[in-house]
Amino acid sequence: RKCTDILFLIVFIAFWIAMLVLGFYGVGTGKPKILLFGTDYRGEVCDQGKNDGFKTRYFMNPGELAWAAGVHTDQSASATRKYNLRDAKSICLKECPKPTMTASSVAFVCDYPEDVTIASQPNYDKNQWVADNYDYYQYLSGPQKTSSLKWMGPCYPVLYESVNTFYTCQLFVRPYVDPFGTGYSSGNLGTYTKLLGDEIDKALSGPLATVERYIDDFTTGWKVVVVAGGACPIVLSIAFLFFLRYFTSVFAYTTLFSVNALAVVVTIYLYLKAGVIGSDQVNAYVSKVSDSASASITNYADPAESGQDTLKIFAYISTALTCVIFLFTLLMLRRVKVAVGVIKVATGALGKMPQLTLFPILPAVAMVLLFVYWLITFVYLFAAGEVKQQDCTLAAGEPPYMYCATPSTTPTDDCHCGYATVWDRNLQGALAYYVFGFLWGSQWIVAMCYLIIACVFVQYYFKGGNYNGLKNKPIITSTKRMMWYHTGTAAVGSFFVALLQFIRLIVRFIVHRMKKLSKDSKIIKYVGYYVEYCLWYLQKTIEWLNRNAYIMTAIEGTSFCNSAWNALALMVKNVAAVATVNIVGDIMLVLGKLVVALGSGTIAFLMLDADTFNYGDEKVSSPLFIVIVVVLFAFIIANVFMSIVELGIDTILLCYCKDCDDNNGAPVNAPPALVKTLGMSRKIAKM
């Protein structure tokens with residue numbers, strides 16, 4: 001053997017050095033709280049820096065909310081733009097304020113005391129501000145009170161009840177009175193409450209805000225991800241492998257029998273409903289018809305007769321398909337023996353090398369560690385966006401200009417637009433690079449797992465299934481050999497799979513955007529589905545070719561491209577046996593992956609249903625995204641485990657084909673279990 005695909009290995013190492021640099025940059029500059037908490041009128045994030053402990057964002061000015069909802073009495077069709085709630089003045093509080101409006105008393109929420117000069121209370125600080133429920137209106141000077149009554153600050157009336165939803169105060173109850181004579185009567189304000197609340201809800205439930213909350217959910221729900229998405233798939237996968245070892249033959253023949261039986265049952269059912277067999281055909285009669293009348297009524301027209309004719313056509317088609325399936329099964333019987341023999345040898349190898357069953361724990365743990373590291377650093381990198389003051393029109397007669405104490409057409413500390421997180425093109429590119437890096441890294445782990453396990457089964461096969469004849473410990477030997485010689489080969493194959501996965505993500509995003517722009521265009525929908533399906537099929541084809549290329553690398557020690565070509569040529573020569581083994585084996589393994597993924601998702605749902613994640617500081621905004629990630633990650637881990645049997649089957653099969661190809665059709669080096677199943681003991685003995 002010699003080192004293969006060295007150039008690509010160098011590229012892979014350089015790529016991951018850049019990944020680590022990006023990760024450290026994200027941890028150093030990112031502020032995850034910006035994903036969940038809003039910003040105040042100073043552009044500072046709630047519960048961070050000066051606002052530490054002040055988690056709840058509150059929109060202070062009722063007038064700006066009314067403009068954002070389009071219900072302000074001064075708002076007209078001549079307004080130059082629709083006011084964006086993002087530009088409304090907000091502040092960070094410990095909890096949502098409560099209105100205490102009576103005919104002579106109104107609660108206020110005032111600006112941070114350090115931003116306002118309070119002449120009558122020169123030592124007034126933030127602690128006192130909190131103790132006074134954020135209300136120092138009574139200490140203001142006459143001009144400051146007048147400005148506040150005009151909703152120009154520094155204090156603003158609390159006109160609505162509100163509740164903390166995702167750390168933003170949501171309006172939900174009408175006010176009692178209108179103490180300022182602003183034209184908003186009690187009834188009008190009550191009518192507007194839902195409209196104003198809906199505007200806040202739009203800001204909280206928008207796509208970006210939702211994604212930001214989902215990403216932040218991992219900072220509180222990480223325990224569920226580790227337990228349900230990491231530990232549970234490992235345990236469930238090991239249990240399924242032990243089950244598979246003892247019921248392989250029964251499962252294979254049961255599957256073949258079930259397919260033929262179901263085909264026959266469906267065909268008979270179609271003939272019954274078409275009226276060809278018996279009298280249970282479909283009809284148009286709403287009420288039941290007596291047996292005596294049924295004979296005479298058949299002479300009259302039945303509107304359901306066209307449906308019967310259609311069912312006859314489908315019955316004939318089903319008959320043809322059933323015959324094809326039956327003939328195919330007969331032709332496959334000998335190949336099924338090969339499939340059962342190969343699967344028995346693969347599972348028998350697990351019996352002689354039980355430590356191989358536990359081997360995927362190492363790549364699975366590596367996958368978990370990679371995912372946890374990537375997720376944490378990705379959250380920080382995603383949160384590395386810069387909070388910037390947005391550009392908006394400062395026009396007379398419209399907010400925020402009309403609510404500025406000192407109006408200005410150019411942004412000032414007192415009169416400006418709102419703040420938003422901005423991701424520049426460099427950061428957007430870094431995020432895309434980071435996503436691709438995770439895909440490539442995870443696929444590389446899978447590729448190395450394939451190579452090592454394939455090497456173990458290759459040794460097992462060519463030693464005639466004699467475990468004692470293997471030199472030293474097979475897993476350790478194979479790991480050293482594959483890591484030293486063929487790490488670059490794993491990098492090549494994993495790159496192609498990761499590239500297809502990344503392209504699929506981009507295409508899905510583009511199609512989603514085009515659907516929005518075209519508003520339910522059927523052309524866009526069908527073209528999108530077609531492109532996504534083609535890419536998915538191409539990815540599966542490459543994954544299948546990669547797997548067989550890794551097996552040939554383990555057998556012959558050749559580079560990725562040479563191994564892929566040799567594997568393809570060998571399978572073409574033995575296409576019938578390969579097809580049969582793959583069909584039987586794939587059915588079993590797909591069921592195993594689904595059991596592990598769905599079982600882990602159920603456990604995640606049960607964990608997230610606990611009060612810990614429904615209330616308090618560890619509240620999760622929605623269990624859905626975490627459960628989806630757990631299911632997907634569990635499927636990935638299950639895929640790693642199921643690859644033991646899958647690779648064992650494929651490796652034994654290719655070794656068998658290679659053995660026959662090199663020895664005039666006789667598997668000279670095959671383990672006794674395979675030779676016995678195929679009934680080739682005499683032929684091999686003669687050679």
# chains A, B, ... in the order shown; residues from 1 in each chain; ligands from 1
$ residues_around --residues "segment 478-489 of chain A" --least-positions-apart "2" --cutoff "10 Å" --atoms "only C-alpha atoms" --output "ChimeraX atom specification"
/A:1-13,444,447-459,473-476,491-495,546,549-550,553-554,557-561,563
$ atom_distance --atom1 "atom CA of Val158 of chain A" --atom2 "atom CA of Gln138 of chain A"
14.7 Å
$ atom_distance --atom1 "atom CA of Cys96 of chain A" --atom2 "atom CA of Ile626 of chain A"
28.2 Å
$ residues_around --residues "Ala119 of chain A" --least-positions-apart "6" --cutoff "10 Å" --atoms "only C-alpha atoms" --output "PyMOL selection string"
chain A and resi 139-141
$ residues_around --residues "Leu431 of chain A" --least-positions-apart "5" --cutoff "8 Å" --atoms "only C-alpha atoms" --output "PDB file with all heavy atoms, in the first residue's frame"
ATOM      1  N   PHE A 378     -21.276  28.067  15.435  1.00  0.00           N
ATOM      2  CA  PHE A 378     -22.155  28.637  14.412  1.00  0.00           C
ATOM      3  C   PHE A 378     -23.105  29.666  15.020  1.00  0.00           C
ATOM      4  O   PHE A 378     -23.373  30.711  14.422  1.00  0.00           O
ATOM      5  CB  PHE A 378     -22.957  27.532  13.724  1.00  0.00           C
ATOM      6  CG  PHE A 378     -23.881  28.045  12.648  1.00  0.00           C
ATOM      7  CD1 PHE A 378     -23.394  28.371  11.400  1.00  0.00           C
ATOM      8  CD2 PHE A 378     -25.232  28.212  12.896  1.00  0.00           C
ATOM      9  CE1 PHE A 378     -24.234  28.855  10.400  1.00  0.00           C
ATOM     10  CE2 PHE A 378     -26.086  28.694  11.916  1.00  0.00           C
ATOM     11  CZ  PHE A 378     -25.579  29.012  10.664  1.00  0.00           C
ATOM     12  N   LEU A 381     -21.062  32.672  15.550  1.00  0.00           N
ATOM     13  CA  LEU A 381     -20.735  33.310  14.274  1.00  0.00           C
ATOM     14  C   LEU A 381     -21.968  33.985  13.684  1.00  0.00           C
ATOM     15  O   LEU A 381     -21.882  35.099  13.137  1.00  0.00           O
ATOM     16  CB  LEU A 381     -20.196  32.253  13.301  1.00  0.00           C
ATOM     17  CG  LEU A 381     -19.605  32.776  11.982  1.00  0.00           C
ATOM     18  CD1 LEU A 381     -18.397  33.664  12.247  1.00  0.00           C
ATOM     19  CD2 LEU A 381     -19.206  31.606  11.080  1.00  0.00           C
ATOM     20  N   PHE A 382     -23.127  33.321  13.800  1.00  0.00           N
ATOM     21  CA  PHE A 382     -24.374  33.914  13.308  1.00  0.00           C
ATOM     22  C   PHE A 382     -24.702  35.186  14.082  1.00  0.00           C
ATOM     23  O   PHE A 382     -25.290  36.128  13.532  1.00  0.00           O
ATOM     24  CB  PHE A 382     -25.508  32.896  13.450  1.00  0.00           C
ATOM     25  CG  PHE A 382     -26.788  33.316  12.786  1.00  0.00           C
ATOM     26  CD1 PHE A 382     -26.968  33.129  11.426  1.00  0.00           C
ATOM     27  CD2 PHE A 382     -27.816  33.889  13.518  1.00  0.00           C
ATOM     28  CE1 PHE A 382     -28.148  33.516  10.805  1.00  0.00           C
ATOM     29  CE2 PHE A 382     -28.998  34.275  12.909  1.00  0.00           C
ATOM     30  CZ  PHE A 382     -29.162  34.087  11.547  1.00  0.00           C
TER      31      PHE A 382
END
$ atom_distance --atom1 "atom CA of Ile238 of chain A" --atom2 "atom CA of Gly348 of chain A"
15.7 Å
$ closest_residue --among "A:Trp374, A:Trp440, A:Phe502, A:Phe496" --to "Thr541 of chain A" --atoms "only C-alpha atoms"
A:Phe496
$ closest_atom_pairs --of "segment 29-64 of chain A" --to "segment 402-421 of chain A" --cutoff "7 Å" --atoms "only C-alpha atoms" --output "JSON lines"
{"residue": "A:Thr39", "atom": "CA", "partner": "A:Tyr419", "partner_atom": "CA", "distance": 7.0}
{"residue": "A:Tyr41", "atom": "CA", "partner": "A:Gly418", "partner_atom": "CA", "distance": 6.9}
{"residue": "A:Gly43", "atom": "CA", "partner": "A:Tyr419", "partner_atom": "CA", "distance": 5.7}
$ write_last_selection --atoms "C-alpha atoms" --output "JSON list (two decimals), in the first residue's frame"
[["chain", "number", "residue", "atom", "x", "y", "z"],
["A", 39, "THR", "CA", -32.35, 46.31, 21.22],
["A", 41, "TYR", "CA", -33.42, 53.08, 21.61],
["A", 43, "GLY", "CA", -28.95, 50.30, 19.96]]
$ residues_around --residues "Leu20 of chain A" --least-positions-apart "4" --cutoff "10 Å" --atoms "only C-alpha atoms" --output "list in words"
Phe15, Trp16, Phe24, Tyr25, Gly26, Trp374, Thr377 and Tyr434 of chain A
$ write_last_selection --atoms "N, CA and C atoms" --output "compact mmCIF listing (two decimals), in the first residue's frame"
# COMPACT_ATOMS: atom_id res chain seq x y z
N PHE A 15 -8.62 23.55 4.65
CA PHE A 15 -10.02 23.98 4.80
C PHE A 15 -10.41 24.01 6.27
N TRP A 16 -10.03 22.98 7.01
CA TRP A 16 -10.44 22.92 8.41
C TRP A 16 -9.65 23.86 9.31
N PHE A 24 -13.19 30.46 16.13
CA PHE A 24 -12.63 31.32 17.17
C PHE A 24 -13.05 32.78 16.98
N TYR A 25 -13.14 33.19 15.72
CA TYR A 25 -13.61 34.56 15.44
C TYR A 25 -15.05 34.74 15.93
N GLY A 26 -15.90 33.73 15.65
CA GLY A 26 -17.30 33.82 16.08
C GLY A 26 -17.43 33.87 17.58
N TRP A 374 -19.62 22.57 16.27
CA TRP A 374 -20.07 23.37 15.12
C TRP A 374 -21.29 24.20 15.49
N THR A 377 -20.26 27.18 17.86
CA THR A 377 -19.51 28.22 17.14
C THR A 377 -20.36 28.86 16.04
N TYR A 434 -19.14 27.90 6.58
CA TYR A 434 -19.22 27.12 7.82
C TYR A 434 -20.23 25.99 7.68
$ residues_around --residues "Val511 of chain A" --least-positions-apart "3" --cutoff "10 Å" --atoms "only C-alpha atoms" --output "ChimeraX atom specification"
/A:505-508,514-517,524-525,527-529,531-532
$ write_last_selection --atoms "all heavy atoms" --output "short mmCIF file (atom, residue, chain, number, x, y, z; two decimals), in the first residue's frame"
data_model
loop_
_atom_site.label_atom_id
_atom_site.label_comp_id
_atom_site.auth_asym_id
_atom_site.auth_seq_id
_atom_site.Cartn_x
_atom_site.Cartn_y
_atom_site.Cartn_z
N LEU A 505 -29.19 22.44 -0.66
CA LEU A 505 -29.64 23.48 0.28
C LEU A 505 -29.84 24.81 -0.45
O LEU A 505 -30.83 25.52 -0.23
CB LEU A 505 -28.63 23.65 1.42
CG LEU A 505 -28.55 22.52 2.45
CD1 LEU A 505 -27.43 22.79 3.43
CD2 LEU A 505 -29.88 22.37 3.19
N ILE A 506 -28.89 25.15 -1.32
CA ILE A 506 -28.99 26.42 -2.06
C ILE A 506 -30.20 26.39 -3.00
O ILE A 506 -30.96 27.37 -3.06
CB ILE A 506 -27.69 26.67 -2.87
CG1 ILE A 506 -26.50 26.89 -1.91
CG2 ILE A 506 -27.85 27.87 -3.79
CD1 ILE A 506 -25.18 27.03 -2.62
N VAL A 507 -30.37 25.29 -3.71
CA VAL A 507 -31.50 25.18 -4.65
C VAL A 507 -32.82 25.27 -3.89
O VAL A 507 -33.77 25.94 -4.32
CB VAL A 507 -31.42 23.87 -5.45
CG1 VAL A 507 -32.71 23.62 -6.21
CG2 VAL A 507 -30.23 23.91 -6.40
N ARG A 508 -32.89 24.61 -2.74
CA ARG A 508 -34.13 24.66 -1.95
C ARG A 508 -34.43 26.08 -1.49
O ARG A 508 -35.58 26.51 -1.50
CB ARG A 508 -33.99 23.72 -0.74
CG ARG A 508 -35.27 23.58 0.08
CD ARG A 508 -35.17 22.41 1.02
NE ARG A 508 -35.00 21.16 0.31
CZ ARG A 508 -34.79 19.99 0.90
NH1 ARG A 508 -34.73 19.93 2.21
NH2 ARG A 508 -34.65 18.90 0.18
N MET A 514 -38.34 31.92 -4.83
CA MET A 514 -39.07 32.10 -6.08
C MET A 514 -40.56 31.82 -5.90
O MET A 514 -41.42 32.48 -6.49
CB MET A 514 -38.49 31.20 -7.17
CG MET A 514 -37.10 31.61 -7.62
SD MET A 514 -36.43 30.54 -8.90
CE MET A 514 -37.49 30.96 -10.27
N LYS A 515 -40.89 30.83 -5.06
CA LYS A 515 -42.29 30.55 -4.77
C LYS A 515 -42.96 31.75 -4.12
O LYS A 515 -44.11 32.08 -4.41
CB LYS A 515 -42.40 29.33 -3.85
CG LYS A 515 -42.17 28.00 -4.54
CD LYS A 515 -42.32 26.86 -3.55
CE LYS A 515 -42.03 25.52 -4.19
NZ LYS A 515 -42.13 24.42 -3.21
N LYS A 516 -42.23 32.39 -3.22
CA LYS A 516 -42.79 33.57 -2.55
C LYS A 516 -43.02 34.70 -3.54
O LYS A 516 -44.05 35.38 -3.51
CB LYS A 516 -41.86 34.04 -1.43
CG LYS A 516 -42.02 33.28 -0.13
CD LYS A 516 -41.30 34.00 0.99
CE LYS A 516 -41.68 33.42 2.34
NZ LYS A 516 -41.07 34.16 3.45
N LEU A 517 -42.05 34.93 -4.40
CA LEU A 517 -42.16 36.02 -5.37
C LEU A 517 -43.26 35.74 -6.39
O LEU A 517 -43.98 36.65 -6.82
CB LEU A 517 -40.83 36.23 -6.08
CG LEU A 517 -39.67 36.73 -5.19
CD1 LEU A 517 -38.37 36.77 -5.99
CD2 LEU A 517 -39.97 38.12 -4.64
N ILE A 524 -43.18 27.11 -11.10
CA ILE A 524 -42.06 27.18 -10.16
C ILE A 524 -42.10 25.98 -9.22
O ILE A 524 -41.07 25.37 -8.92
CB ILE A 524 -42.11 28.49 -9.35
CG1 ILE A 524 -41.95 29.70 -10.28
CG2 ILE A 524 -41.04 28.50 -8.28
CD1 ILE A 524 -40.61 29.77 -10.98
N LYS A 525 -43.30 25.61 -8.76
CA LYS A 525 -43.43 24.51 -7.82
C LYS A 525 -42.94 23.20 -8.44
O LYS A 525 -42.12 22.48 -7.86
CB LYS A 525 -44.89 24.37 -7.39
CG LYS A 525 -45.13 23.26 -6.36
CD LYS A 525 -46.61 22.98 -6.17
CE LYS A 525 -47.33 24.21 -5.65
NZ LYS A 525 -48.77 23.90 -5.37
N VAL A 527 -41.13 22.71 -11.25
CA VAL A 527 -39.71 22.76 -11.64
C VAL A 527 -38.83 22.58 -10.40
O VAL A 527 -37.81 21.87 -10.44
CB VAL A 527 -39.39 24.09 -12.35
CG1 VAL A 527 -37.88 24.26 -12.52
CG2 VAL A 527 -40.08 24.15 -13.70
N GLY A 528 -39.22 23.23 -9.30
CA GLY A 528 -38.46 23.09 -8.06
C GLY A 528 -38.42 21.66 -7.57
O GLY A 528 -37.36 21.15 -7.19
N TYR A 529 -39.58 20.98 -7.58
CA TYR A 529 -39.63 19.59 -7.15
C TYR A 529 -38.75 18.71 -8.06
O TYR A 529 -38.05 17.81 -7.57
CB TYR A 529 -41.07 19.08 -7.19
CG TYR A 529 -41.95 19.63 -6.10
CD1 TYR A 529 -43.32 19.77 -6.29
CD2 TYR A 529 -41.42 20.02 -4.87
CE1 TYR A 529 -44.14 20.28 -5.30
CE2 TYR A 529 -42.23 20.53 -3.87
CZ TYR A 529 -43.58 20.66 -4.08
OH TYR A 529 -44.39 21.17 -3.10
N VAL A 531 -36.09 19.58 -9.91
CA VAL A 531 -34.67 19.85 -9.69
C VAL A 531 -34.20 19.23 -8.38
O VAL A 531 -33.13 18.60 -8.31
CB VAL A 531 -34.40 21.37 -9.70
CG1 VAL A 531 -32.96 21.67 -9.28
CG2 VAL A 531 -34.67 21.95 -11.09
N GLU A 532 -35.00 19.39 -7.32
CA GLU A 532 -34.62 18.83 -6.02
C GLU A 532 -34.54 17.31 -6.09
O GLU A 532 -33.63 16.70 -5.50
CB GLU A 532 -35.62 19.27 -4.96
CG GLU A 532 -35.50 20.75 -4.58
CD GLU A 532 -36.41 21.11 -3.42
OE1 GLU A 532 -36.77 20.22 -2.64
OE2 GLU A 532 -36.78 22.29 -3.31
#
$ residues_around --residues "Phe257 of chain A" --least-positions-apart "3" --cutoff "12 Å" --atoms "only C-alpha atoms" --output "PyMOL selection string"
chain A and resi 250-254+260-264+325-326+329-330+333
$ write_last_selection --atoms "N, CA, C and O atoms" --output "JSON list (two decimals), in the first residue's frame"
[["chain", "number", "residue", "atom", "x", "y", "z"],
["A", 250, "VAL", "N", -34.83, -15.35, 8.32],
["A", 250, "VAL", "CA", -36.29, -15.25, 8.42],
["A", 250, "VAL", "C", -36.77, -13.94, 7.80],
["A", 250, "VAL", "O", -37.76, -13.90, 7.07],
["A", 251, "PHE", "N", -36.05, -12.87, 8.10],
["A", 251, "PHE", "CA", -36.44, -11.55, 7.59],
["A", 251, "PHE", "C", -36.39, -11.51, 6.06],
["A", 251, "PHE", "O", -37.29, -10.97, 5.41],
["A", 252, "ALA", "N", -35.33, -12.09, 5.48],
["A", 252, "ALA", "CA", -35.17, -12.03, 4.03],
["A", 252, "ALA", "C", -36.29, -12.77, 3.31],
["A", 252, "ALA", "O", -36.92, -12.24, 2.39],
["A", 253, "TYR", "N", -36.55, -14.02, 3.74],
["A", 253, "TYR", "CA", -37.58, -14.80, 3.05],
["A", 253, "TYR", "C", -38.98, -14.27, 3.35],
["A", 253, "TYR", "O", -39.88, -14.36, 2.51],
["A", 254, "THR", "N", -39.19, -13.74, 4.55],
["A", 254, "THR", "CA", -40.48, -13.13, 4.88],
["A", 254, "THR", "C", -40.76, -11.93, 3.99],
["A", 254, "THR", "O", -41.89, -11.71, 3.55],
["A", 260, "ASN", "N", -44.89, -10.79, -2.64],
["A", 260, "ASN", "CA", -45.72, -11.58, -3.56],
["A", 260, "ASN", "C", -47.16, -11.70, -3.04],
["A", 260, "ASN", "O", -48.13, -11.59, -3.81],
["A", 261, "ALA", "N", -47.31, -11.94, -1.73],
["A", 261, "ALA", "CA", -48.65, -12.09, -1.16],
["A", 261, "ALA", "C", -49.45, -10.80, -1.28],
["A", 261, "ALA", "O", -50.63, -10.82, -1.63],
["A", 262, "LEU", "N", -48.80, -9.67, -0.99],
["A", 262, "LEU", "CA", -49.49, -8.39, -1.08],
["A", 262, "LEU", "C", -49.90, -8.10, -2.53],
["A", 262, "LEU", "O", -50.98, -7.55, -2.78],
["A", 263, "ALA", "N", -49.05, -8.43, -3.47],
["A", 263, "ALA", "CA", -49.38, -8.22, -4.88],
["A", 263, "ALA", "C", -50.61, -9.04, -5.27],
["A", 263, "ALA", "O", -51.51, -8.54, -5.97],
["A", 264, "VAL", "N", -50.69, -10.28, -4.79],
["A", 264, "VAL", "CA", -51.84, -11.13, -5.09],
["A", 264, "VAL", "C", -53.11, -10.58, -4.44],
["A", 264, "VAL", "O", -54.18, -10.52, -5.05],
["A", 325, "ILE", "N", -43.54, -9.77, -10.83],
["A", 325, "ILE", "CA", -42.91, -9.93, -9.51],
["A", 325, "ILE", "C", -42.67, -11.40, -9.20],
["A", 325, "ILE", "O", -41.61, -11.79, -8.69],
["A", 326, "PHE", "N", -43.65, -12.25, -9.54],
["A", 326, "PHE", "CA", -43.51, -13.69, -9.27],
["A", 326, "PHE", "C", -42.37, -14.30, -10.08],
["A", 326, "PHE", "O", -41.54, -15.05, -9.55],
["A", 329, "THR", "N", -39.12, -13.14, -8.76],
["A", 329, "THR", "CA", -38.78, -13.86, -7.52],
["A", 329, "THR", "C", -38.20, -15.23, -7.83],
["A", 329, "THR", "O", -37.23, -15.66, -7.20],
["A", 330, "LEU", "N", -38.80, -15.93, -8.83],
["A", 330, "LEU", "CA", -38.28, -17.24, -9.22],
["A", 330, "LEU", "C", -36.85, -17.14, -9.75],
["A", 330, "LEU", "O", -35.99, -17.97, -9.44],
["A", 333, "LEU", "N", -34.35, -16.60, -6.89],
["A", 333, "LEU", "CA", -34.23, -17.55, -5.77],
["A", 333, "LEU", "C", -32.78, -17.93, -5.50],
["A", 333, "LEU", "O", -32.33, -17.98, -4.36]]
